[in-house]
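So this block is final21.txt, compact mmCIF, C-alpha atoms:
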# COMPACT_ATOMS: atom_id res chain seq x y z
CA MET A 688 116.95 62.37 98.33
CA LYS A 689 113.50 61.41 99.63
CA ALA A 690 112.95 58.05 101.32
CA HIS A 691 110.80 56.74 98.43
CA PRO A 692 111.85 58.83 95.43
CA PHE A 693 110.88 56.41 92.67
CA THR A 694 107.73 54.48 91.89
CA ARG A 695 107.60 50.83 90.87
CA PRO A 696 107.08 51.56 87.12
CA THR A 697 110.16 53.80 87.09
CA ILE A 698 112.29 51.17 88.81
CA ILE A 699 111.15 48.52 86.32
CA ALA A 700 111.82 50.87 83.39
CA ALA A 701 115.31 51.57 84.76
CA VAL A 702 116.19 47.87 84.96
CA GLU A 703 114.74 47.16 81.51
CA PHE A 704 116.80 50.01 80.08
CA LEU A 705 119.96 48.66 81.73
CA ALA A 706 119.25 45.24 80.22
CA GLU A 707 118.95 46.87 76.79
CA MET A 708 122.15 48.90 77.11
CA LEU A 709 124.58 46.58 78.92
CA THR A 710 126.48 43.53 77.74
CA GLN A 711 126.41 40.31 79.75
CA ALA A 712 129.69 41.20 81.48
CA LYS A 713 128.64 44.80 82.19
CA PHE A 714 125.31 43.64 83.62
CA ASP A 715 127.15 41.22 85.91
CA GLN A 716 129.33 44.10 87.12
CA LEU A 717 126.18 46.12 87.82
CA VAL A 718 124.75 43.28 89.91
CA VAL A 719 127.99 43.16 91.93
CA ARG A 720 127.88 46.94 92.51
CA LEU A 721 124.34 46.61 93.83
CA GLY A 722 125.39 43.82 96.18
CA LEU A 723 123.07 41.22 94.67
CA ASP A 724 125.63 38.84 93.14
CA ASP A 725 124.76 36.13 95.69
CA GLU A 726 121.21 36.03 94.32
CA ILE A 727 121.65 36.70 90.61
CA PRO A 728 123.97 34.22 88.88
CA GLN A 729 127.02 35.52 87.04
CA GLY A 730 128.14 34.41 83.59
CA PRO A 731 126.38 33.50 80.33
CA ALA A 732 124.31 30.57 81.63
CA LYS A 733 121.40 32.97 82.17
CA SER A 734 120.44 35.68 79.66
CA VAL A 735 120.59 39.37 80.52
CA THR A 736 116.82 39.53 80.06
CA ALA A 737 116.29 36.76 82.61
CA LYS A 738 118.73 38.38 85.03
CA SER A 739 117.00 41.74 84.64
CA ALA A 740 113.65 40.20 85.61
CA VAL A 741 115.18 38.94 88.86
CA LEU A 742 116.92 42.26 89.45
CA ALA A 743 113.69 44.25 88.97
CA ARG A 744 111.90 42.02 91.47
CA LEU A 745 114.65 42.29 94.08
CA VAL A 746 115.01 46.05 93.74
CA ASN A 747 111.27 46.58 94.15
CA GLN A 748 111.13 44.25 97.14
CA ARG A 749 114.09 45.95 98.84
CA ALA A 750 113.71 49.46 97.49
CA THR A 751 114.73 51.17 100.75
CA GLN A 752 117.60 48.81 101.63
CA ILE A 753 120.81 50.83 101.94
CA VAL A 754 123.73 49.90 99.69
CA SER A 755 127.21 51.38 99.39
CA THR A 756 128.05 53.31 96.22
CA LEU A 757 130.85 55.62 95.12
CA ASP A 758 128.50 58.49 95.98
CA GLY A 759 127.97 57.13 99.49
CA PRO A 760 125.20 55.00 101.01
CA VAL A 761 121.87 55.22 99.15
CA ALA A 762 118.67 53.18 98.89
CA LEU A 763 118.84 50.22 96.51
CA ALA A 764 116.11 51.66 94.27
CA GLU A 765 117.96 54.95 93.95
CA ALA A 766 121.23 53.15 93.19
CA ALA A 767 119.56 51.14 90.40
CA VAL A 768 117.90 54.20 88.88
CA ARG A 769 121.15 56.18 89.00
CA GLU A 770 122.92 53.32 87.22
CA ALA A 771 120.31 53.57 84.47
CA VAL A 772 120.59 57.35 84.25
CA GLY A 773 124.35 56.90 83.87
CA VAL A 774 123.89 55.20 80.49
CA VAL A 775 121.20 57.53 79.12
CA VAL A 776 122.20 58.96 75.73
CA PRO A 777 121.08 62.35 74.29
CA GLN A 778 118.74 62.12 71.28
CA TYR A 779 118.37 58.34 71.76
CA ALA A 780 115.07 57.08 70.33
CA LYS A 781 114.95 53.59 71.87
CA ALA A 782 111.63 52.78 73.57
CA GLU A 783 113.36 51.61 76.76
CA GLN A 784 115.01 54.99 77.30
CA GLU A 785 111.76 56.82 76.54
CA ARG A 786 109.92 54.75 79.17
CA LEU A 787 112.60 55.51 81.74
CA LEU A 788 112.50 59.25 81.06
CA ARG A 789 108.70 59.30 81.26
CA GLY A 790 108.77 57.41 84.54
CA LEU A 791 111.30 59.84 85.97
CA ALA A 792 109.18 62.78 84.80
CA LEU A 793 106.12 61.39 86.56
CA ASP A 794 108.18 60.98 89.73
CA GLY A 795 109.32 64.59 89.48
CA TYR A 796 112.81 64.18 87.99
CA ILE A 797 114.51 65.16 84.76
CA VAL A 798 117.75 64.08 83.11
CA SER A 799 120.04 66.84 81.86
CA TRP A 800 123.61 66.85 80.61
CA ASP A 801 126.75 68.80 81.36
CA GLU A 802 128.07 71.23 78.75
CA ASP A 803 129.83 68.61 76.63
CA GLU A 804 126.78 66.29 76.75
CA ARG A 805 128.89 63.44 78.08
CA THR A 806 127.61 63.15 81.64
CA PRO A 807 123.87 62.69 82.28
CA LEU A 808 122.65 64.31 85.49
CA LEU A 809 119.55 63.39 87.49
CA ARG A 810 117.81 66.49 88.85
CA ALA A 811 114.62 67.13 90.79
CA ALA A 812 112.15 68.98 88.58
CA LEU A 813 110.19 70.26 91.59
CA PRO A 814 110.96 71.29 95.19
CA GLY A 815 111.48 68.44 97.62
CA GLU A 816 108.23 69.29 99.41
CA VAL A 817 106.31 68.20 96.30
CA ASP A 818 106.86 64.47 96.73
CA LEU A 819 105.09 63.06 93.67
CA PRO A 820 105.67 59.33 94.32
CA ALA A 821 104.30 59.80 97.85
CA ALA A 822 101.36 61.80 96.46
CA ASP A 823 100.63 59.02 93.95
CA ASP A 824 100.73 56.36 96.69
CA GLU A 825 98.54 58.41 99.04
CA VAL A 826 95.96 59.19 96.36
CA HIS A 827 95.68 55.51 95.45
CA GLN A 828 95.35 54.50 99.11
CA LEU A 829 92.65 57.07 99.84
CA LEU A 830 90.70 56.26 96.68
CA LYS A 831 90.65 52.61 97.73
CA GLN A 832 89.80 53.53 101.33
CA PHE A 833 86.69 55.44 100.24
CA GLY A 834 85.76 52.95 97.54
CA PHE A 835 86.09 55.50 94.74
CA THR A 836 86.70 52.86 92.09
CA VAL A 837 85.67 54.90 89.03
CA PRO A 838 88.10 57.82 89.55
CA LEU A 839 90.75 55.28 90.57
CA GLY A 840 90.33 53.57 87.21
CA HIS A 841 90.63 56.88 85.35
CA LEU A 842 93.79 57.81 87.27
CA ASP A 843 95.41 54.47 86.48
CA GLN A 844 94.46 54.87 82.81
CA ALA A 845 95.98 58.38 82.80
CA ILE A 846 99.25 57.06 84.22
CA ASP A 847 99.31 54.13 81.79
CA ALA A 848 98.59 56.41 78.81
CA HIS A 849 101.35 58.80 79.87
CA ALA A 850 103.80 55.91 80.23
CA ARG A 851 103.17 54.80 76.63
CA GLY A 852 103.30 58.37 75.28
CA ASP A 853 99.60 58.72 74.42
CA TRP A 854 99.32 62.34 75.56
CA ALA A 855 95.75 62.96 74.37
CA ALA A 856 94.44 59.90 76.23
CA ALA A 857 96.42 60.83 79.36
CA ASN A 858 95.06 64.38 79.33
CA SER A 859 91.48 63.18 78.88
CA GLN A 860 91.76 60.67 81.73
CA ILE A 861 93.28 63.25 84.12
CA ARG A 862 90.30 65.53 83.53
CA THR A 863 87.82 62.67 83.94
CA PHE A 864 89.61 61.55 87.12
CA LEU A 865 89.17 64.93 88.80
CA GLU A 866 85.57 65.33 87.63
CA GLY A 867 84.73 61.85 88.91
CA LEU A 868 86.55 62.42 92.19
CA LEU A 869 84.54 65.55 93.02
CA THR A 870 81.30 63.76 92.09
CA ASP A 871 82.17 60.79 94.32
CA ILE A 872 83.10 63.11 97.19
CA ALA A 873 79.69 64.79 96.94
CA LEU A 874 77.95 61.40 96.84
CA HIS A 875 79.99 60.24 99.85
CA ILE A 876 79.04 63.30 101.92
CA ASP A 877 75.30 63.21 101.13
CA PRO A 878 74.26 60.51 98.64
CA GLN A 879 70.62 61.59 98.40
CA LYS A 880 71.33 65.30 97.94
CA ALA A 881 74.20 64.78 95.47
CA ALA A 882 72.22 62.29 93.37
CA ALA A 883 69.40 64.81 93.02
CA LEU A 884 71.69 67.44 91.49
CA ALA A 885 71.54 67.62 87.71
CA SER A 886 75.23 67.93 86.81
CA SER A 887 78.78 67.62 88.08
CA GLU A 888 78.96 71.43 87.98
CA ASN A 889 75.98 71.60 90.35
CA ARG A 890 77.65 69.13 92.69
CA ARG A 891 80.82 71.22 92.81
CA ALA A 892 78.75 74.32 93.59
CA TRP A 893 77.01 72.39 96.35
CA LEU A 894 80.37 71.30 97.80
CA ALA A 895 81.26 74.99 98.02
CA GLU A 896 77.92 75.86 99.64
CA ARG A 897 78.49 73.36 102.42
CA GLY A 898 82.10 74.48 102.92
CA PHE A 899 84.02 71.52 101.52
CA LEU A 900 85.39 73.75 98.76
CA SER A 901 86.62 77.11 100.01
CA VAL A 902 85.15 80.28 98.55
CA ASP A 903 87.55 82.43 100.58
CA ARG A 904 90.56 80.70 99.03
CA ASN A 905 89.00 80.99 95.58
CA GLU A 906 88.69 77.23 95.10
CA TRP A 907 85.12 77.80 93.92
CA THR A 908 83.11 80.97 93.23
CA SER A 909 79.76 81.67 91.64
CA ASP A 910 81.27 83.77 88.83
CA GLY A 911 83.35 80.89 87.47
CA LYS A 912 86.65 82.68 88.07
CA ASN A 913 88.18 80.20 90.49
CA TYR A 914 90.88 77.55 90.77
CA LEU A 915 88.79 74.51 89.89
CA ASN A 916 87.02 76.10 86.93
CA GLY A 917 90.36 77.38 85.65
CA LEU A 918 91.88 73.94 86.10
CA PHE A 919 89.05 72.21 84.22
CA LYS A 920 89.24 74.75 81.40
CA MET A 921 92.98 74.13 81.07
CA LEU A 922 92.43 70.36 81.13
CA HIS A 923 89.85 70.68 78.34
CA THR A 924 92.30 72.37 75.97
CA ASP A 925 94.03 70.36 73.26
CA GLY A 926 97.73 70.47 72.47
CA SER A 927 100.62 71.89 74.44
CA HIS A 928 101.35 75.36 75.72
CA PRO A 929 103.81 77.45 73.65
CA GLY A 930 107.32 76.54 74.81
CA LEU A 931 106.27 73.16 76.21
CA SER A 932 106.27 69.85 74.35
CA ASP A 933 103.19 67.62 74.39
CA GLU A 934 105.02 65.39 76.88
CA ASP A 935 105.92 68.28 79.18
CA HIS A 936 102.39 69.61 79.19
CA SER A 937 100.85 66.19 79.77
CA THR A 938 103.24 65.63 82.69
CA PHE A 939 102.31 69.06 84.06
CA ARG A 940 98.61 68.18 83.90
CA LEU A 941 99.18 64.83 85.61
CA HIS A 942 101.18 66.46 88.40
CA LEU A 943 98.42 69.03 88.94
CA GLY A 944 95.81 66.28 88.98
CA LEU A 945 97.70 64.25 91.57
CA ILE A 946 98.37 67.18 93.89
CA THR A 947 94.81 68.51 93.62
CA GLY A 948 93.37 65.04 94.14
CA ARG A 949 95.52 64.47 97.21
CA THR A 950 94.40 67.77 98.75
CA LEU A 951 90.71 66.95 98.23
CA LEU A 952 91.04 63.38 99.53
CA ARG A 953 92.99 64.47 102.59
CA ARG A 954 90.29 67.02 103.32
CA LEU A 955 87.59 64.36 103.08
CA SER A 956 89.63 61.97 105.24
CA ASN A 957 90.04 64.66 107.89
CA GLY A 958 86.28 65.13 108.10
CA ARG A 959 85.88 68.45 106.35
Produce structure tokens that represent the structure in this file.
Amino acid sequence: MKAHPFTRPTIIAAVEFLAEMLTQAKFDQLVVRLGLDDEIPQGPAKSVTAKSAVLARLVNQRATQIVSTLDGPVALAEAAVREAVGVVVPQYAKAEQERLLRGLALDGYIVSWDEDERTPLLRAALPGEVDLPAADDEVHQLLKQFGFTVPLGHLDQAIDAHARGDWAAANSQIRTFLEGLLTDIALHIDPQKAAALASSENRRAWLAERGFLSVDRNEWTSDGKNYLNGLFKMLHTDGSHPGLSDEDHSTFRLHLGLITGRTLLRRLSNGR
């Protein structure tokens, strides 16, 4: 598995779900398995909720620390998430499980079950090259580096809306994030020229004219039949695609937004 496979919200959701599902004794056993029993007290003197708060903090602080498990040595964050996946139940409507599954989906993972639906399995939803937690981190870092605070705010709102299951709000914020990002890129390259253009569409056309967006690769074309126009049209549609749930389609849109945003920000950072 990747060095940083899970984001902070997913790790927190995993620990909260474990606190919901495990008894005091079972939670203590979990702490021992993770090698943190010297720092999290055993027994009933402290509630499971209080212990879980300490556990979430420690796991986030030491996410890449290697611990021994029955599956071999893995990072502490991965061990904690796998413990949570191990108690996931099919058709379980509790909010804590829903938050965990949404976090995993954003990080590029799904939970499936074996044929008898007894054993939950954690699987990568995308190829390893598409490292979504790394993409999320890089996009946030580059947005802050360039001072693109407005698209940064929209991206954070999209992620927050997705985490709470508000698919319409998440979809809207993803679209606004990408529109704002391209506008800010144009303003960064030539503030005077970009400010004089009447619309965000004009700014995108100008980015293509000066070579930031590639016409040859069909990122932008004058006839409107290009990647970015197609992406924005898809992001403007309501509801899910046939065969996909609202959650699946919202996750798909967010993944596309992150990967597209990273590509554009990397290009700007490299001086294109």
List the spatial neighbours of stretch 729-740 of chain A as a compact mmCIF listing (two decimals) with C-alpha atoms, in the frame of the given file - criterion: any atom at most 6 Å away, only C-alpha atoms, same-chain residues fewer than 3 positions off excluded.
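Generated file (part-v4.txt):
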# COMPACT_ATOMS: atom_id res chain seq x y z
CA GLN A 711 126.41 40.31 79.75
CA ASP A 715 127.15 41.22 85.91
CA ALA A 743 113.69 44.25 88.97
Sort by chain and increasing residue number a table of all residues of stretch 849-921 of chain A within 9 Å of stretch 938-959 of chain A, each with its closest pair of atoms and their distance in Å to one decimal, counting all atoms listed in the file, and write it as a tab-separated table.
residue	atom	partner	partner_atom	distance
A:His849	CA	A:Thr938	CA	7.6
A:Trp854	CA	A:Thr938	CA	8.8
A:Ala857	CA	A:Leu941	CA	7.9
A:Asn858	CA	A:Arg940	CA	6.9
A:Ile861	CA	A:Gly944	CA	6.3
A:Arg862	CA	A:Gly944	CA	7.8
A:Phe864	CA	A:Gly944	CA	8.0
A:Leu865	CA	A:Gly944	CA	6.8
A:Leu868	CA	A:Gly948	CA	7.6
A:Leu869	CA	A:Leu951	CA	8.2
A:Ile872	CA	A:Leu955	CA	7.5
A:Ile876	CA	A:Leu955	CA	8.7
A:Gly898	CA	A:Arg959	CA	7.9
A:Phe899	CA	A:Arg959	CA	6.0
A:Leu900	CA	A:Leu951	CA	8.7
A:Leu918	CA	A:Leu943	CA	8.7
A:Met921	CA	A:Arg940	CA	8.7
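For the set A:Thr697, A:Asn913, A:Thr806, A:Thr870, the residue with the smallest atom-to-atom gap to A:Leu788 is A:Thr697, counting only C-alpha atoms.
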Shell of 6 Å around stretch 833-841 of chain A, all atoms listed in the file, local chain residues under 2 positions omitted, as a PyMOL selection string: chain A and resi 830-831+843-844+860+864+867-868
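Here atom CA of A:Ala895 and atom CA of A:Gln879 stand 17.1 Å from one another.
Among the candidate residues A:Ser909, A:Asn747, A:Ser887, A:Gln778, the one lying nearest to A:Asp871 is A:Ser887, with distances computed using only C-alpha atoms.
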Spatial neighbours of A:Gly911, 12 Å, all atoms listed in the file, chain gap at least 5 places, as a ChimeraX atom specification: /A:888,891-892,902,905-906,916-920
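Distance check against A:Asp847 using all atoms listed in the file: of A:Arg786, A:Arg904, A:Tyr779, A:Lys880, the minimum falls on A:Arg786.
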